[in-house]
>>> print(open('final23.csv').read())   # CSV, C-alpha atoms and all ligand atoms
chain,number,residue,atom,x,y,z
C,1,MET,CA,22.2,-23.5,-22.8
C,2,SER,CA,25.9,-22.8,-23.5
C,3,VAL,CA,28.5,-24.1,-25.8
C,4,LEU,CA,31.9,-25.3,-24.7
C,5,VAL,CA,34.6,-24.5,-27.3
C,6,LEU,CA,37.7,-26.7,-27.0
C,7,GLY,CA,40.7,-25.0,-28.7
C,8,GLY,CA,38.9,-21.7,-28.8
C,9,ALA,CA,42.1,-19.7,-28.7
C,10,GLY,CA,43.3,-21.3,-32.0
C,11,TYR,CA,42.9,-20.0,-35.5
C,12,ILE,CA,39.5,-21.5,-36.4
C,13,GLY,CA,38.4,-21.8,-32.8
C,14,SER,CA,38.8,-18.1,-32.1
C,15,HIS,CA,36.8,-17.1,-35.2
C,16,THR,CA,34.1,-19.5,-34.1
C,17,VAL,CA,34.0,-18.0,-30.5
C,18,ASP,CA,33.8,-14.5,-32.1
C,19,ARG,CA,30.8,-15.6,-34.2
C,20,LEU,CA,29.1,-17.2,-31.3
C,21,VAL,CA,29.6,-14.1,-29.1
C,22,GLU,CA,28.3,-11.9,-31.9
C,23,ALA,CA,25.2,-14.1,-32.1
C,24,GLY,CA,24.6,-13.5,-28.4
C,25,LYS,CA,25.4,-17.1,-27.3
C,26,ASP,CA,26.9,-18.1,-24.0
C,27,VAL,CA,30.4,-19.5,-24.6
C,28,VAL,CA,32.9,-21.3,-22.4
C,29,VAL,CA,36.4,-21.7,-23.9
C,30,VAL,CA,39.0,-24.3,-22.9
C,31,ASP,CA,42.5,-24.0,-24.4
C,32,SER,CA,45.9,-25.3,-23.3
C,33,LEU,CA,47.5,-22.3,-25.0
C,34,VAL,CA,50.2,-24.6,-26.4
C,35,THR,CA,49.5,-23.3,-29.9
C,36,GLY,CA,46.6,-20.9,-29.2
C,37,HIS,CA,46.7,-17.2,-28.2
C,38,LEU,CA,44.7,-15.8,-25.3
C,39,ALA,CA,44.5,-12.4,-27.1
C,40,ALA,CA,42.5,-14.2,-29.8
C,41,VAL,CA,39.6,-15.0,-27.4
C,42,ARG,CA,36.7,-12.7,-27.0
C,43,LYS,CA,36.5,-11.3,-23.5
C,44,GLU,CA,32.8,-12.1,-23.3
C,45,ALA,CA,33.6,-15.8,-23.3
C,46,LYS,CA,34.5,-17.6,-20.0
C,47,PHE,CA,38.0,-18.9,-20.4
C,48,TYR,CA,39.8,-21.8,-18.8
C,49,GLN,CA,43.4,-22.8,-19.5
C,50,GLY,CA,44.0,-26.5,-19.4
C,51,ASP,CA,44.2,-29.8,-21.2
C,52,LEU,CA,41.1,-31.6,-22.3
C,53,ALA,CA,42.8,-35.0,-21.5
C,54,ASP,CA,43.0,-33.9,-17.9
C,55,LYS,CA,39.7,-35.5,-16.7
C,56,ASP,CA,39.6,-33.7,-13.3
C,57,PHE,CA,40.1,-30.4,-15.0
C,58,MET,CA,37.3,-31.1,-17.5
C,59,ARG,CA,35.0,-32.3,-14.6
C,60,LYS,CA,35.6,-28.9,-13.0
C,61,VAL,CA,34.7,-27.1,-16.2
C,62,PHE,CA,31.4,-29.0,-16.6
C,63,THR,CA,30.6,-28.8,-12.9
C,64,GLU,CA,31.1,-25.0,-12.9
C,65,ASN,CA,29.1,-24.6,-16.1
C,66,PRO,CA,26.0,-26.8,-15.8
C,67,ASP,CA,24.4,-25.0,-18.8
C,68,ILE,CA,26.8,-26.6,-21.3
C,69,ASP,CA,24.9,-29.0,-23.5
C,70,ALA,CA,27.2,-29.1,-26.5
C,71,VAL,CA,30.9,-29.2,-27.2
C,72,ILE,CA,32.8,-27.9,-30.3
C,73,HIS,CA,36.2,-29.6,-30.5
C,74,PHE,CA,39.0,-27.8,-32.3
C,75,ALA,CA,41.8,-28.8,-29.8
C,76,ALA,CA,44.1,-30.9,-31.9
C,77,PHE,CA,47.6,-30.8,-33.4
C,78,SER,CA,47.4,-30.4,-37.1
C,79,LEU,CA,50.8,-30.4,-38.8
C,80,VAL,CA,51.2,-33.2,-41.4
C,81,ALA,CA,55.0,-33.0,-41.5
C,82,GLU,CA,55.3,-33.0,-37.7
C,83,SER,CA,52.9,-36.0,-37.5
C,84,MET,CA,55.2,-38.0,-39.9
C,85,LYS,CA,58.2,-37.4,-37.6
C,86,ASP,CA,56.3,-37.9,-34.3
C,87,PRO,CA,53.1,-39.9,-34.9
C,88,LEU,CA,52.7,-40.9,-31.2
C,89,LYS,CA,52.3,-37.2,-30.3
C,90,TYR,CA,49.3,-37.1,-32.6
C,91,PHE,CA,47.7,-40.4,-31.4
C,92,ASP,CA,48.2,-39.3,-27.8
C,93,ASN,CA,47.0,-35.7,-28.0
C,94,ASN,CA,44.4,-36.1,-30.7
C,95,THR,CA,43.1,-39.7,-30.5
C,96,ALA,CA,43.6,-40.6,-26.8
C,97,GLY,CA,42.4,-37.1,-25.9
C,98,MET,CA,39.1,-37.8,-27.6
C,99,VAL,CA,38.6,-40.9,-25.5
C,100,LYS,CA,39.1,-38.9,-22.3
C,101,LEU,CA,36.8,-36.2,-23.5
C,102,LEU,CA,34.0,-38.6,-24.3
C,103,GLU,CA,34.4,-40.3,-21.0
C,104,VAL,CA,33.8,-37.1,-19.1
C,105,MET,CA,31.1,-35.9,-21.5
C,106,ASN,CA,29.3,-39.2,-20.8
C,107,GLU,CA,29.7,-38.8,-17.0
C,108,PHE,CA,28.0,-35.3,-17.3
C,109,ASP,CA,25.4,-36.5,-19.8
C,110,ILE,CA,26.5,-34.1,-22.5
C,111,LYS,CA,25.0,-35.5,-25.7
C,112,TYR,CA,26.4,-33.3,-28.5
C,113,ILE,CA,29.8,-32.8,-30.1
C,114,VAL,CA,30.8,-31.0,-33.2
C,115,PHE,CA,34.3,-32.0,-34.3
C,116,SER,CA,37.0,-30.5,-36.6
C,117,SER,CA,37.9,-33.2,-38.9
C,118,THR,CA,39.8,-32.8,-42.1
C,119,ALA,CA,40.2,-33.6,-45.8
C,120,ALA,CA,43.4,-35.4,-44.8
C,121,THR,CA,41.2,-38.3,-43.7
C,122,TYR,CA,40.6,-39.0,-47.5
C,123,GLY,CA,44.2,-39.6,-48.3
C,124,ILE,CA,44.8,-39.6,-52.1
C,125,PRO,CA,41.2,-39.5,-53.6
C,126,GLU,CA,40.4,-41.5,-56.7
C,127,LYS,CA,38.1,-38.8,-58.1
C,128,MET,CA,37.2,-35.2,-57.7
C,129,PRO,CA,35.3,-33.6,-56.1
C,130,ILE,CA,35.4,-35.6,-52.9
C,131,TYR,CA,32.1,-36.8,-51.3
C,132,GLU,CA,31.5,-37.6,-47.7
C,133,ASP,CA,31.1,-41.3,-48.4
C,134,ASP,CA,34.2,-41.7,-50.5
C,135,PRO,CA,36.9,-44.0,-49.1
C,136,GLN,CA,38.9,-42.6,-46.1
C,137,LEU,CA,42.4,-43.8,-46.5
C,138,PRO,CA,44.7,-41.3,-44.8
C,139,ILE,CA,48.4,-41.1,-45.9
C,140,ASN,CA,49.8,-39.5,-42.8
C,141,PRO,CA,49.4,-39.9,-39.0
C,142,TYR,CA,47.6,-36.5,-38.7
C,143,GLY,CA,44.8,-37.7,-41.0
C,144,GLU,CA,44.8,-41.1,-39.3
C,145,SER,CA,44.5,-39.6,-35.9
C,146,LYS,CA,41.4,-37.6,-37.0
C,147,LEU,CA,39.9,-40.6,-38.7
C,148,MET,CA,40.3,-42.6,-35.5
C,149,MET,CA,38.6,-39.8,-33.6
C,150,GLU,CA,35.6,-40.0,-36.1
C,151,LYS,CA,35.4,-43.7,-35.5
C,152,ILE,CA,35.6,-43.4,-31.7
C,153,MET,CA,32.7,-40.9,-31.8
C,154,ARG,CA,30.7,-43.3,-33.9
C,155,TRP,CA,30.9,-46.1,-31.3
C,156,ALA,CA,30.4,-43.6,-28.5
C,157,ASP,CA,27.1,-42.6,-30.2
C,158,GLU,CA,26.1,-46.3,-30.5
C,159,ALA,CA,26.8,-47.1,-26.9
C,160,TYR,CA,26.1,-43.9,-25.0
C,161,GLY,CA,24.0,-41.8,-27.4
C,162,ILE,CA,26.5,-39.0,-27.7
C,163,LYS,CA,25.6,-37.5,-31.1
C,164,PHE,CA,28.3,-36.0,-33.3
C,165,VAL,CA,28.9,-34.0,-36.4
C,166,ALA,CA,32.3,-34.3,-38.0
C,167,LEU,CA,33.2,-31.3,-40.2
C,168,ARG,CA,35.9,-32.2,-42.7
C,169,TYR,CA,37.6,-29.0,-43.6
C,170,PHE,CA,39.6,-28.4,-46.8
C,171,ASN,CA,42.1,-25.5,-46.8
C,172,VAL,CA,41.3,-22.7,-44.4
C,173,ALA,CA,42.5,-19.2,-45.2
C,174,GLY,CA,41.6,-15.6,-44.3
C,175,ALA,CA,41.0,-13.6,-41.1
C,176,LYS,CA,38.2,-11.5,-39.5
C,177,PRO,CA,37.6,-8.7,-42.0
C,178,ASP,CA,38.3,-5.9,-39.4
C,179,GLY,CA,41.8,-7.4,-38.9
C,180,SER,CA,41.5,-8.0,-35.2
C,181,ILE,CA,42.0,-11.8,-35.2
C,182,GLY,CA,43.8,-14.0,-37.7
C,183,GLU,CA,46.3,-16.8,-38.3
C,184,ASP,CA,49.4,-17.0,-36.1
C,185,HIS,CA,51.3,-20.3,-36.2
C,186,HIS,CA,54.8,-21.0,-35.0
C,187,PRO,CA,56.3,-22.3,-37.2
C,188,GLU,CA,54.1,-21.2,-40.1
C,189,THR,CA,53.9,-23.8,-42.8
C,190,HIS,CA,50.7,-22.9,-44.7
C,191,LEU,CA,50.8,-21.4,-48.1
C,192,LEU,CA,48.8,-18.1,-47.8
C,193,PRO,CA,50.4,-16.8,-44.6
C,194,ILE,CA,53.8,-17.6,-46.1
C,195,VAL,CA,52.9,-15.8,-49.4
C,196,LEU,CA,51.9,-12.8,-47.3
C,197,GLN,CA,55.0,-12.9,-45.2
C,198,VAL,CA,57.0,-12.7,-48.5
C,199,ALA,CA,54.8,-9.8,-49.6
C,200,MET,CA,55.6,-8.0,-46.3
C,201,GLY,CA,59.3,-8.5,-46.8
C,202,GLU,CA,59.6,-10.8,-43.8
C,203,ARG,CA,60.7,-13.7,-46.0
C,204,GLU,CA,62.9,-13.3,-49.0
C,205,LYS,CA,60.9,-15.6,-51.4
C,206,LEU,CA,58.3,-18.3,-51.6
C,207,GLN,CA,59.2,-21.8,-52.5
C,208,ILE,CA,56.4,-23.6,-54.4
C,209,PHE,CA,56.7,-27.3,-53.7
C,210,GLY,CA,56.5,-28.9,-57.1
C,211,ASP,CA,55.3,-28.0,-60.5
C,212,ASP,CA,55.1,-31.5,-62.0
C,213,TYR,CA,51.7,-32.6,-60.5
C,214,ASN,CA,48.9,-33.8,-62.6
C,215,THR,CA,47.1,-30.5,-62.6
C,216,PRO,CA,46.6,-27.8,-65.3
C,217,ASP,CA,49.7,-25.7,-64.3
C,218,GLY,CA,51.5,-28.5,-62.6
C,219,THR,CA,51.1,-27.1,-59.0
C,220,ASN,CA,48.7,-28.5,-56.4
C,221,VAL,CA,45.1,-27.4,-56.5
C,222,ARG,CA,43.3,-26.8,-53.2
C,223,ASP,CA,39.9,-25.6,-52.1
C,224,TYR,CA,40.0,-22.6,-49.8
C,225,VAL,CA,37.4,-21.7,-47.2
C,226,HIS,CA,37.2,-18.7,-44.8
C,227,PRO,CA,37.2,-19.3,-41.0
C,228,PHE,CA,34.0,-17.3,-40.6
C,229,ASP,CA,32.3,-19.6,-43.0
C,230,LEU,CA,33.7,-22.6,-41.1
C,231,ALA,CA,32.5,-20.9,-37.8
C,232,ASP,CA,29.0,-20.6,-39.2
C,233,ALA,CA,29.0,-24.3,-40.2
C,234,HIS,CA,29.9,-25.2,-36.6
C,235,ILE,CA,27.1,-23.1,-35.2
C,236,LEU,CA,24.6,-24.7,-37.6
C,237,ALA,CA,25.9,-28.1,-36.7
C,238,VAL,CA,25.2,-27.5,-33.0
C,239,ASP,CA,21.6,-26.5,-33.9
C,240,TYR,CA,21.3,-29.6,-36.1
C,241,LEU,CA,22.2,-31.8,-33.1
C,242,ARG,CA,20.1,-29.9,-30.7
C,243,ASN,CA,17.2,-30.4,-33.1
C,244,GLY,CA,17.5,-34.2,-32.6
C,245,ASN,CA,19.2,-35.1,-35.8
C,246,GLU,CA,21.4,-38.2,-36.4
C,247,SER,CA,25.2,-38.1,-36.3
C,248,SER,CA,26.7,-37.2,-39.6
C,249,ALA,CA,29.8,-36.0,-41.5
C,250,PHE,CA,30.0,-33.0,-43.8
C,251,ASN,CA,32.7,-31.6,-46.1
C,252,LEU,CA,33.3,-27.9,-45.9
C,253,GLY,CA,34.9,-26.3,-48.9
C,254,SER,CA,34.1,-23.7,-51.6
C,255,SER,CA,33.9,-26.4,-54.3
C,256,THR,CA,36.3,-24.4,-56.3
C,257,GLY,CA,40.0,-25.2,-56.7
C,258,PHE,CA,43.0,-22.8,-57.0
C,259,SER,CA,46.4,-23.9,-57.9
C,260,ASN,CA,49.4,-22.7,-55.8
C,261,LEU,CA,50.4,-20.5,-58.8
C,262,GLU,CA,46.9,-19.0,-58.9
C,263,ILE,CA,47.1,-18.2,-55.2
C,264,VAL,CA,50.4,-16.4,-55.7
C,265,LYS,CA,48.9,-14.4,-58.7
C,266,ALA,CA,45.8,-13.5,-56.7
C,267,ALA,CA,48.0,-12.4,-53.7
C,268,ARG,CA,50.1,-10.2,-56.0
C,269,GLU,CA,46.9,-8.6,-57.3
C,270,VAL,CA,45.5,-8.0,-53.8
C,271,THR,CA,48.7,-6.7,-52.2
C,272,GLY,CA,50.3,-4.9,-55.1
C,273,LYS,CA,53.6,-6.6,-54.1
C,274,GLU,CA,55.9,-8.5,-56.3
C,275,ILE,CA,56.1,-11.7,-54.1
C,276,PRO,CA,59.2,-13.5,-55.5
C,277,ALA,CA,58.6,-17.2,-55.9
C,278,GLU,CA,60.6,-20.2,-57.1
C,279,ILE,CA,59.8,-23.7,-57.9
C,280,ALA,CA,61.2,-26.2,-55.4
C,281,THR,CA,61.1,-29.9,-55.0
C,282,ARG,CA,57.9,-31.6,-53.9
C,283,ARG,CA,57.2,-31.5,-50.1
C,284,GLY,CA,56.0,-35.1,-49.9
C,285,GLY,CA,52.5,-36.3,-49.0
C,286,ASP,CA,50.7,-33.6,-51.1
C,287,PRO,CA,47.8,-35.1,-53.2
C,288,ASP,CA,47.5,-33.4,-56.7
C,289,THR,CA,44.1,-31.9,-56.1
C,290,LEU,CA,41.7,-31.6,-53.2
C,291,ILE,CA,38.3,-30.2,-53.9
C,292,ALA,CA,35.3,-30.7,-51.7
C,293,ALA,CA,31.8,-31.6,-52.8
C,294,SER,CA,30.0,-29.6,-50.0
C,295,GLU,CA,26.4,-29.7,-51.3
C,296,LYS,CA,25.5,-31.9,-48.3
C,297,ALA,CA,26.4,-29.1,-45.8
C,298,ARG,CA,24.5,-26.6,-47.8
C,299,LYS,CA,21.4,-28.8,-48.1
C,300,VAL,CA,21.2,-30.4,-44.7
C,301,LEU,CA,22.8,-27.8,-42.4
C,302,GLY,CA,21.6,-24.8,-44.5
C,303,TRP,CA,25.3,-23.6,-44.8
C,304,LYS,CA,25.8,-20.6,-47.1
C,305,PRO,CA,29.4,-19.6,-47.2
C,306,GLU,CA,29.9,-15.8,-47.8
C,307,PHE,CA,33.5,-15.8,-48.8
C,308,ASP,CA,33.3,-17.4,-52.2
C,309,ASP,CA,35.9,-15.2,-53.9
C,310,ILE,CA,39.6,-16.0,-53.3
C,311,HIS,CA,40.5,-12.2,-53.6
C,312,LYS,CA,38.1,-11.4,-50.8
C,313,ILE,CA,39.7,-14.2,-48.6
C,314,ILE,CA,43.2,-12.9,-49.3
C,315,GLU,CA,42.2,-9.3,-48.6
C,316,THR,CA,41.0,-10.3,-45.1
C,317,ALA,CA,44.3,-12.2,-44.4
C,318,TRP,CA,46.3,-9.2,-45.8
C,319,LYS,CA,44.6,-6.9,-43.4
C,320,TRP,CA,45.5,-9.1,-40.4
C,321,HIS,CA,49.1,-9.5,-41.6
C,322,THR,CA,49.7,-5.8,-42.2
C,323,THR,CA,48.2,-4.8,-38.9
C,324,HIS,CA,49.8,-7.7,-36.9
C,325,PRO,CA,53.2,-8.3,-38.5
C,326,GLN,CA,54.3,-10.2,-35.4
C,327,GLY,CA,51.0,-12.0,-35.0
C,328,TYR,CA,49.6,-11.8,-31.5
C,329,ASN,CA,53.1,-11.1,-30.2
C,330,ASP,CA,52.6,-13.2,-27.1
C,401,LIG,N1,53.0,-24.9,-50.3
C,401,LIG,C1,54.1,-24.4,-51.0
C,401,LIG,N2,55.0,-23.6,-50.3
C,401,LIG,C2,54.9,-23.3,-49.0
C,401,LIG,C3,53.8,-23.9,-48.3
C,401,LIG,C4,52.9,-24.7,-48.9
C,401,LIG,O1,54.2,-24.6,-52.2
C,401,LIG,O2,55.8,-22.7,-48.5
C,401,LIG,C5,52.0,-25.7,-51.0
C,401,LIG,C6,51.8,-27.1,-50.5
C,401,LIG,O3,52.8,-28.0,-51.0
C,401,LIG,C7,50.4,-27.4,-51.0
C,401,LIG,C8,49.7,-26.1,-50.8
C,401,LIG,O4,50.7,-25.1,-50.8
C,401,LIG,O5,50.4,-27.8,-52.3
C,401,LIG,C9,48.8,-26.0,-49.6
C,401,LIG,O6,49.7,-26.3,-48.5
C,401,LIG,P1,49.3,-25.9,-47.0
C,401,LIG,O7,50.4,-26.4,-46.1
C,401,LIG,O8,48.9,-24.5,-47.0
C,401,LIG,O9,48.0,-26.8,-46.7
C,401,LIG,P2,47.7,-28.4,-46.8
C,401,LIG,O10,47.1,-28.6,-48.2
C,401,LIG,O11,48.9,-29.1,-46.5
C,401,LIG,O12,46.6,-28.6,-45.8
>>> encode(input="final23.csv", output="structure tokens")
Amino acid sequence: MSVLVLGGAGYIGSHTVDRLVEAGKDVVVVDSLVTGHLAAVRKEAKFYQGDLADKDFMRKVFTENPDIDAVIHFAAFSLVAESMKDPLKYFDNNTAGMVKLLEVMNEFDIKYIVFSSTAATYGIPEKMPIYEDDPQLPINPYGESKLMMEKIMRWADEAYGIKFVALRYFNVAGAKPDGSIGEDHHPETHLLPIVLQVAMGEREKLQIFGDDYNTPDGTNVRDYVHPFDLADAHILAVDYLRNGNESSAFNLGSSTGFSNLEIVKAAREVTGKEIPAEIATRRGGDPDTLIAASEKARKVLGWKPEFDDIHKIIETAWKWHTTHPQGYND
């Protein structure tokens, strides 16, 4: 049996491929390399460059790899601000792409899919922490595109018996501890990589978007999870489906919240750098606080995240940034 990883050259996908290879699994990777990096993909994995919405291309992948019985799907656009400006790009690539993928999976009788969903499907939650059955009312096209993908999978399960696990991630941060793979986005919009770019002197200062939120220090509170821990959850989710379990959704977070100011403080402690920061106006679309209730993943999947300390997470990201100041440089 082998696993097909869509988007395996991306940030979380490449960490998952690494973990699968380390666990001795057969892995096939598909990535368009629009945002991914070939250098991030372990050489032991069989690599195809292409678009999952290209049905003939996907038919070729499944025909050439008849051992594939499960798909892990990371291949989506994920920038909230971009999705507000160009929603159709998200509904086309993410949502319509899912329809094409499921059509070909059904043709080839592939019955398992593990899907990267997001906390952005919850919108502005009424209470914390967030549970899987809380209302999903996204406030941006990115979150909406992923919620639609969840719904499409649900009906594909009903009609064709394709079982799915939707993993709703909270904020992902960190890199492989040996510094060989990490986060490399162009443009970079996420808090921790930007903080570390300031620490490296690549940016003059950090702008903290708002300090008048309804949180203890006024800055947004987020729940950070390491890509290795996410990777392990995906591998457990594939096993869960292979064991004949029903389709389900799981939150993945550490269940602990850190404010943006606390992240900057921790990054100063880890890096020993000053990291100049100023308060700027709100970015728009940021809920006050997002913290996951992730007991369900721990109980049902047996998920045991290792990186439960924000300093450890930042240390891994710092190692990547200091050894790869230009990212993958591709
Ligand atoms: N943020 C910030 N300055 C930046 C980038 C992000 O203050 O240069 C804040 C952002 O407003 C949010 C938090 O950091 O409160 C996490 O944002 P990020 O984009 O990393 O992840 P998101 O929560 O949007 O998934």
>>> closest_residue(input="final23.csv", among="C:Thr35, C:Asn94, C:Gln49, C:Thr189", to="ligand LIG 401 (chain C)", atoms="only C-alpha atoms and all ligand atoms")
C:Thr189
>>> closest_residue(input="final23.csv", among="C:Asp157, C:Asp309, C:Glu188, C:Asp51", to="ligand LIG 401 (chain C)", atoms="all atoms listed in the file")
C:Glu188
>>> atom_distance(input="final23.csv", atom1="CA of Glu269 (chain C)", atom2="CA of Glu202 (chain C)")
18.7 Å
>>> residues_near_point(input="final23.csv", point="(31.4, -31.9, -49.8)", cutoff="10 Å", atoms="only C-alpha atoms", output="ChimeraX atom specification")
/C:119,129-133,167-170,249-255,291-298
>>> write_last_selection(input="final23.csv", atoms="C-alpha atoms", output="PDB file, in the frame of the given file")
ATOM      1  CA  ALA C 119      40.200 -33.600 -45.800  1.00  0.00           C
ATOM      2  CA  PRO C 129      35.300 -33.600 -56.100  1.00  0.00           C
ATOM      3  CA  ILE C 130      35.400 -35.600 -52.900  1.00  0.00           C
ATOM      4  CA  TYR C 131      32.100 -36.800 -51.300  1.00  0.00           C
ATOM      5  CA  GLU C 132      31.500 -37.600 -47.700  1.00  0.00           C
ATOM      6  CA  ASP C 133      31.100 -41.300 -48.400  1.00  0.00           C
ATOM      7  CA  LEU C 167      33.200 -31.300 -40.200  1.00  0.00           C
ATOM      8  CA  ARG C 168      35.900 -32.200 -42.700  1.00  0.00           C
ATOM      9  CA  TYR C 169      37.600 -29.000 -43.600  1.00  0.00           C
ATOM     10  CA  PHE C 170      39.600 -28.400 -46.800  1.00  0.00           C
ATOM     11  CA  ALA C 249      29.800 -36.000 -41.500  1.00  0.00           C
ATOM     12  CA  PHE C 250      30.000 -33.000 -43.800  1.00  0.00           C
ATOM     13  CA  ASN C 251      32.700 -31.600 -46.100  1.00  0.00           C
ATOM     14  CA  LEU C 252      33.300 -27.900 -45.900  1.00  0.00           C
ATOM     15  CA  GLY C 253      34.900 -26.300 -48.900  1.00  0.00           C
ATOM     16  CA  SER C 254      34.100 -23.700 -51.600  1.00  0.00           C
ATOM     17  CA  SER C 255      33.900 -26.400 -54.300  1.00  0.00           C
ATOM     18  CA  ILE C 291      38.300 -30.200 -53.900  1.00  0.00           C
ATOM     19  CA  ALA C 292      35.300 -30.700 -51.700  1.00  0.00           C
ATOM     20  CA  ALA C 293      31.800 -31.600 -52.800  1.00  0.00           C
ATOM     21  CA  SER C 294      30.000 -29.600 -50.000  1.00  0.00           C
ATOM     22  CA  GLU C 295      26.400 -29.700 -51.300  1.00  0.00           C
ATOM     23  CA  LYS C 296      25.500 -31.900 -48.300  1.00  0.00           C
ATOM     24  CA  ALA C 297      26.400 -29.100 -45.800  1.00  0.00           C
ATOM     25  CA  ARG C 298      24.500 -26.600 -47.800  1.00  0.00           C
TER      26      ARG C 298
END
>>> residues_near_ligand(input="final23.csv", ligand="ligand LIG 401 (chain C)", cutoff="9 Å", atoms="all atoms listed in the file", output="MDAnalysis selection string")
chainID C and resid 78:81 118:120 170:173 188:195 206:210 219:223 259:261 263 279:280 282:290
>>> atom_distance(input="final23.csv", atom1="CA of Thr121 (chain C)", atom2="CA of Glu82 (chain C)")
16.2 Å
>>> atom_distance(input="final23.csv", atom1="CA of Asp178 (chain C)", atom2="CA of Ala277 (chain C)")
28.5 Å
>>> closest_residue(input="final23.csv", among="C:Ile181, C:Ala175, C:Ile68, C:Ala23", to="Ala9 (chain C)", atoms="only C-alpha atoms")
C:Ile181
>>> residues_near_point(input="final23.csv", point="(20.5, -23.0, -22.7)", cutoff="8 Å", atoms="only C-alpha atoms", output="VMD selection string")
chain C and resid 1 to 2 67 to 69
>>> closest_residue(input="final23.csv", among="C:Lys146, C:His37, C:Lys319, C:Lys60", to="Met98 (chain C)", atoms="all atoms listed in the file")
C:Lys146
>>> closest_residue(input="final23.csv", among="C:His234, C:Lys100, C:Lys163, C:Arg59", to="Gly302 (chain C)", atoms="only C-alpha atoms")
C:His234
>>> closest_residue(input="final23.csv", among="C:Gly123, C:Gly97, C:Pro135, C:Pro177", to="Met149 (chain C)", atoms="only C-alpha atoms")
C:Gly97
>>> axis_aligned_box(input="final23.csv", around="region 39-42 of chain C", padding_each_side="3 Å", output="lines of an AutoDock Vina configuration file")
center_x = 40.6
center_y = -13.7
center_z = -28.4
size_x = 13.8
size_y = 8.6
size_z = 8.8
>>> residues_around(input="final23.csv", residues="Leu147 (chain C)", least_positions_apart="6", cutoff="8 Å", atoms="all atoms listed in the file", output="ChimeraX atom specification")
/C:117,121,136,138
>>> residues_around(input="final23.csv", residues="Ala267 (chain C)", least_positions_apart="5", cutoff="8 Å", atoms="all atoms listed in the file", output="compact mmCIF listing (two decimals) with C-alpha atoms, in the coordinates of the input")
# COMPACT_ATOMS: atom_id res chain seq x y z
CA VAL C 195 52.90 -15.80 -49.40
CA LEU C 196 51.90 -12.80 -47.30
CA GLY C 272 50.30 -4.90 -55.10
CA HIS C 311 40.50 -12.20 -53.60
CA ILE C 314 43.20 -12.90 -49.30
>>> residues_around(input="final23.csv", residues="Leu101 (chain C)", least_positions_apart="6", cutoff="8 Å", atoms="all atoms listed in the file", output="compact mmCIF listing (two decimals) with C-alpha atoms, in the frame of the given file")
# COMPACT_ATOMS: atom_id res chain seq x y z
CA LEU C 52 41.10 -31.60 -22.30
CA ALA C 53 42.80 -35.00 -21.50
CA LYS C 55 39.70 -35.50 -16.70
CA MET C 58 37.30 -31.10 -17.50
>>> residues_around(input="final23.csv", residues="Phe77 (chain C)", least_positions_apart="6", cutoff="9 Å", atoms="only C-alpha atoms", output="compact mmCIF listing (two decimals) with C-alpha atoms, in the frame of the given file")
# COMPACT_ATOMS: atom_id res chain seq x y z
CA THR C 35 49.50 -23.30 -29.90
CA SER C 83 52.90 -36.00 -37.50
CA LYS C 89 52.30 -37.20 -30.30
CA TYR C 90 49.30 -37.10 -32.60
CA ASN C 93 47.00 -35.70 -28.00
CA ASN C 94 44.40 -36.10 -30.70
CA TYR C 142 47.60 -36.50 -38.70
>>> decode(input="final23.csv", residues="region 308-322 of chain C", atoms="C-alpha atoms", output="PDB file, in the first residue's frame")
ATOM      1  CA  ASP C 308       4.005  21.365  23.465  1.00  0.00           C
ATOM      2  CA  ASP C 309       6.386  24.213  24.321  1.00  0.00           C
ATOM      3  CA  ILE C 310       6.365  27.403  22.248  1.00  0.00           C
ATOM      4  CA  HIS C 311      10.102  27.932  22.917  1.00  0.00           C
ATOM      5  CA  LYS C 312      10.877  24.509  21.407  1.00  0.00           C
ATOM      6  CA  ILE C 313       8.727  25.325  18.358  1.00  0.00           C
ATOM      7  CA  ILE C 314      10.478  28.668  17.866  1.00  0.00           C
ATOM      8  CA  GLU C 315      13.928  27.038  18.297  1.00  0.00           C
ATOM      9  CA  THR C 316      13.208  24.695  15.370  1.00  0.00           C
ATOM     10  CA  ALA C 317      12.029  27.580  13.178  1.00  0.00           C
ATOM     11  CA  TRP C 318      15.089  29.643  14.158  1.00  0.00           C
ATOM     12  CA  LYS C 319      17.424  26.824  13.141  1.00  0.00           C
ATOM     13  CA  TRP C 320      15.773  26.694   9.700  1.00  0.00           C
ATOM     14  CA  HIS C 321      15.880  30.484   9.232  1.00  0.00           C
ATOM     15  CA  THR C 322      19.499  30.872  10.304  1.00  0.00           C
TER      16      THR C 322
END
